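To start, the structure under review is shown below, and the notes come after it.
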Amino acid sequence: MERIICLVIGYMFGCFLTGELVARQRTGESAARLGTGNPGMANLSHELGLRWGLLVLLGDILKTALACLAAWLLFGAALGRLALLWACLGAVLGHNFPFWQRFRGGKGVAVTCAGLILYSPLWGTAACLTGLGVTVITGWLPLGAAVIPTVFLPLSILFHSWEAGALTLALTVLMVSRHYHGLGRILRGEEPRKFRPNQSK
């Protein structure tokens with residue numbers, strides 16, 4: 001039961017889409033009508049400018065931290081650090097599939113990164129830096145995003161537990177599924193190699 005409650009706590013926090021708030025404040029329109037329609041940092045940086053994209057990033061990190069903190073305070077004694085990872089999974093589900101947006105949300109990259117780092121500062125940071133490195137080297141955002149939980153998966157099993165590995169596997173499936181089309185474009189040679197924020201907007 002503790003695990004389910006942590007998942008629900010994460011989901012409710014995750015349903016707060018910072019990108020949607022910023023988009024409506026700046027343009028009066030939903031983030032779904034801007035650029036790719038994704039309420040994440042990359043899209044809103046491109047459409048509104050880098051500083052607004054960074055604000056979205058900050059909000060997504062903050063909501064994940066609050067979800068993890070709430071789960072830890074309530075169930076840390078029973079679950080240990082796994083409470084953080086259950087809340088992280090819930091936050092990703094809420095961000096990707098918010099009920100109030102007809103389950104149409106973002107891709108969960110920032111939320112996943114924040115949750116992994118909070119759960120395992122060393123290996124979470126290593127996985128995120130690996131994903132960032134792949135993005136910088138290849139210029140492909142979908143590939144870098146998919147690499148992050150994929151790299152963390154064996155580390156979570158080796159240095160934490162099989163339950164952590166199962167939760168990370170769920171995060172990996174979510175990440176790959178949300179970037180499925182982008183990964184397909186990479187295979188077809190159609191995905192743009194670089195993301196250039198439009199700082200003039």
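Residues are referred to by chain and number: the chain letter is A, B, ... according to the order shown in the structure tokens, the number counts from 1 in that chain, and ligands are numbered separately from 1 in the order shown.
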Near-segment 14-30 of chain A list (7 Å; only C-alpha atoms; drop same-chain fewer than 5 positions) as a count of residues only: 13
Contact table segment 25-110 of chain A vs segment 176-189 of chain A, cut-off 10 Å, shortest pair per residue, only C-alpha atoms, as JSON lines:
{"residue": "A:Asn96", "atom": "CA", "partner": "A:Arg178", "partner_atom": "CA", "distance": 8.3}
{"residue": "A:Gly106", "atom": "CA", "partner": "A:Arg178", "partner_atom": "CA", "distance": 8.2}
{"residue": "A:Lys107", "atom": "CA", "partner": "A:Arg178", "partner_atom": "CA", "distance": 5.5}
{"residue": "A:Gly108", "atom": "CA", "partner": "A:Arg178", "partner_atom": "CA", "distance": 8.2}
{"residue": "A:Val109", "atom": "CA", "partner": "A:Arg178", "partner_atom": "CA", "distance": 9.5}
Pull N, CA, C and O atoms from the residues just selected and write them as a tab-separated table (two decimals), in the first residue's frame.
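Dumped everything to again15.tsv:
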chain	number	residue	atom	x	y	z
A	96	ASN	N	3.58	12.93	-18.02
A	96	ASN	CA	3.33	12.42	-19.37
A	96	ASN	C	1.85	12.26	-19.68
A	96	ASN	O	1.42	12.43	-20.82
A	106	GLY	N	3.81	15.75	-21.38
A	106	GLY	CA	5.15	15.88	-21.92
A	106	GLY	C	5.85	14.54	-22.11
A	106	GLY	O	5.20	13.49	-22.19
A	107	LYS	N	7.18	14.61	-22.13
A	107	LYS	CA	7.97	13.40	-22.37
A	107	LYS	C	8.74	12.95	-21.14
A	107	LYS	O	9.33	11.89	-21.14
A	108	GLY	N	8.76	13.79	-20.11
A	108	GLY	CA	9.28	13.36	-18.82
A	108	GLY	C	10.78	13.30	-18.67
A	108	GLY	O	11.28	12.64	-17.74
A	109	VAL	N	11.53	13.98	-19.51
A	109	VAL	CA	12.99	13.89	-19.42
A	109	VAL	C	13.50	14.55	-18.15
A	109	VAL	O	14.24	13.94	-17.37
Taking 4 positions as the minimum chain separation for residues in the same chain, which residues sit within 10 Å of segment 154-166 of chain A when counting only C-alpha atoms? Answer as number ranges by chain. A: 81-82, 85-86, 116, 119-120, 123-124, 126-127, 149-150, 170-172
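Atom CA of Met175 of chain A is positioned 24.7 Å from atom CA of Glu2 of chain A.
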From segment 7-48 of chain A, collect each residue whose DSSP state is alpha helix (DSSP H) and return the set as a PyMOL selection string. chain A and resi 7-14+18-27+41-48
Suppose we keep N, CA, C and O atoms; can you now write the selection as an mmCIF file, in the first residue's frame?
data_model
loop_
_atom_site.group_PDB
_atom_site.id
_atom_site.type_symbol
_atom_site.label_atom_id
_atom_site.label_comp_id
_atom_site.auth_asym_id
_atom_site.auth_seq_id
_atom_site.Cartn_x
_atom_site.Cartn_y
_atom_site.Cartn_z
ATOM 1 N N LEU A 7 3.269 6.310 -5.383
ATOM 2 C CA LEU A 7 3.014 6.456 -6.814
ATOM 3 C C LEU A 7 1.941 7.514 -7.063
ATOM 4 O O LEU A 7 2.093 8.363 -7.960
ATOM 5 N N VAL A 8 0.886 7.487 -6.266
ATOM 6 C CA VAL A 8 -0.202 8.459 -6.419
ATOM 7 C C VAL A 8 0.272 9.862 -6.067
ATOM 8 O O VAL A 8 -0.064 10.836 -6.758
ATOM 9 N N ILE A 9 1.058 9.982 -5.007
ATOM 10 C CA ILE A 9 1.613 11.293 -4.637
ATOM 11 C C ILE A 9 2.424 11.855 -5.800
ATOM 12 O O ILE A 9 2.282 13.019 -6.179
ATOM 13 N N GLY A 10 3.287 11.019 -6.362
ATOM 14 C CA GLY A 10 4.093 11.464 -7.495
ATOM 15 C C GLY A 10 3.234 11.866 -8.672
ATOM 16 O O GLY A 10 3.496 12.885 -9.328
ATOM 17 N N TYR A 11 2.194 11.079 -8.949
ATOM 18 C CA TYR A 11 1.320 11.384 -10.081
ATOM 19 C C TYR A 11 0.658 12.743 -9.919
ATOM 20 O O TYR A 11 0.609 13.534 -10.870
ATOM 21 N N MET A 12 0.151 13.040 -8.738
ATOM 22 C CA MET A 12 -0.543 14.298 -8.521
ATOM 23 C C MET A 12 0.405 15.489 -8.681
ATOM 24 O O MET A 12 0.044 16.501 -9.276
ATOM 25 N N PHE A 13 1.608 15.377 -8.160
ATOM 26 C CA PHE A 13 2.591 16.439 -8.366
ATOM 27 C C PHE A 13 2.971 16.536 -9.842
ATOM 28 O O PHE A 13 3.130 17.638 -10.392
ATOM 29 N N GLY A 14 3.138 15.388 -10.488
ATOM 30 C CA GLY A 14 3.546 15.376 -11.893
ATOM 31 C C GLY A 14 2.532 16.007 -12.817
ATOM 32 O O GLY A 14 2.891 16.529 -13.879
ATOM 33 N N THR A 18 4.451 22.725 -15.647
ATOM 34 C CA THR A 18 5.046 24.059 -15.604
ATOM 35 C C THR A 18 5.017 24.710 -16.979
ATOM 36 O O THR A 18 4.760 25.910 -17.108
ATOM 37 N N GLY A 19 5.290 23.911 -18.006
ATOM 38 C CA GLY A 19 5.304 24.432 -19.363
ATOM 39 C C GLY A 19 3.958 24.990 -19.786
ATOM 40 O O GLY A 19 3.878 25.983 -20.524
ATOM 41 N N GLU A 20 2.888 24.357 -19.341
ATOM 42 C CA GLU A 20 1.551 24.837 -19.665
ATOM 43 C C GLU A 20 1.295 26.195 -19.016
ATOM 44 O O GLU A 20 0.745 27.116 -19.647
ATOM 45 N N LEU A 21 1.714 26.341 -17.774
ATOM 46 C CA LEU A 21 1.549 27.613 -17.065
ATOM 47 C C LEU A 21 2.337 28.724 -17.744
ATOM 48 O O LEU A 21 1.821 29.826 -17.963
ATOM 49 N N VAL A 22 3.590 28.432 -18.097
ATOM 50 C CA VAL A 22 4.435 29.435 -18.747
ATOM 51 C C VAL A 22 3.874 29.804 -20.116
ATOM 52 O O VAL A 22 3.825 30.991 -20.479
ATOM 53 N N ALA A 23 3.441 28.822 -20.875
ATOM 54 C CA ALA A 23 2.909 29.086 -22.214
ATOM 55 C C ALA A 23 1.672 29.972 -22.151
ATOM 56 O O ALA A 23 1.540 30.934 -22.926
ATOM 57 N N ARG A 24 0.766 29.672 -21.237
ATOM 58 C CA ARG A 24 -0.460 30.474 -21.132
ATOM 59 C C ARG A 24 -0.165 31.877 -20.630
ATOM 60 O O ARG A 24 -0.797 32.851 -21.054
ATOM 61 N N GLN A 25 0.808 31.991 -19.733
ATOM 62 C CA GLN A 25 1.176 33.307 -19.220
ATOM 63 C C GLN A 25 1.815 34.171 -20.303
ATOM 64 O O GLN A 25 1.554 35.375 -20.401
ATOM 65 N N ARG A 26 2.645 33.558 -21.135
ATOM 66 C CA ARG A 26 3.391 34.318 -22.145
ATOM 67 C C ARG A 26 2.595 34.547 -23.421
ATOM 68 O O ARG A 26 2.763 35.574 -24.073
ATOM 69 N N THR A 27 1.765 33.581 -23.818
ATOM 70 C CA THR A 27 1.105 33.673 -25.123
ATOM 71 C C THR A 27 -0.419 33.634 -25.047
ATOM 72 O O THR A 27 -1.074 33.951 -26.042
ATOM 73 N N MET A 41 10.971 21.703 -21.601
ATOM 74 C CA MET A 41 11.981 22.750 -21.749
ATOM 75 C C MET A 41 12.406 22.954 -23.195
ATOM 76 O O MET A 41 12.504 24.094 -23.667
ATOM 77 N N ALA A 42 12.673 21.864 -23.919
ATOM 78 C CA ALA A 42 13.214 21.982 -25.264
ATOM 79 C C ALA A 42 12.270 22.748 -26.183
ATOM 80 O O ALA A 42 12.672 23.693 -26.876
ATOM 81 N N ASN A 43 11.009 22.359 -26.189
ATOM 82 C CA ASN A 43 10.042 23.012 -27.067
ATOM 83 C C ASN A 43 9.813 24.465 -26.685
ATOM 84 O O ASN A 43 9.801 25.358 -27.547
ATOM 85 N N LEU A 44 9.646 24.733 -25.391
ATOM 86 C CA LEU A 44 9.342 26.099 -24.978
ATOM 87 C C LEU A 44 10.568 27.008 -25.049
ATOM 88 O O LEU A 44 10.425 28.213 -25.235
ATOM 89 N N SER A 45 11.755 26.454 -24.917
ATOM 90 C CA SER A 45 12.961 27.248 -25.178
ATOM 91 C C SER A 45 12.985 27.706 -26.623
ATOM 92 O O SER A 45 13.326 28.850 -26.933
ATOM 93 N N HIS A 46 12.628 26.802 -27.518
ATOM 94 C CA HIS A 46 12.622 27.125 -28.946
ATOM 95 C C HIS A 46 11.554 28.153 -29.283
ATOM 96 O O HIS A 46 11.774 29.059 -30.086
ATOM 97 N N GLU A 47 10.392 28.022 -28.661
ATOM 98 C CA GLU A 47 9.263 28.883 -29.010
ATOM 99 C C GLU A 47 9.249 30.210 -28.255
ATOM 100 O O GLU A 47 8.822 31.226 -28.805
ATOM 101 N N LEU A 48 9.712 30.213 -27.021
ATOM 102 C CA LEU A 48 9.604 31.414 -26.181
ATOM 103 C C LEU A 48 10.940 32.023 -25.795
ATOM 104 O O LEU A 48 10.980 33.170 -25.344
#
Distance atom CA of Asn38 of chain A-atom CA of Gly133 of chain A, one decimal place? 22.6 Å
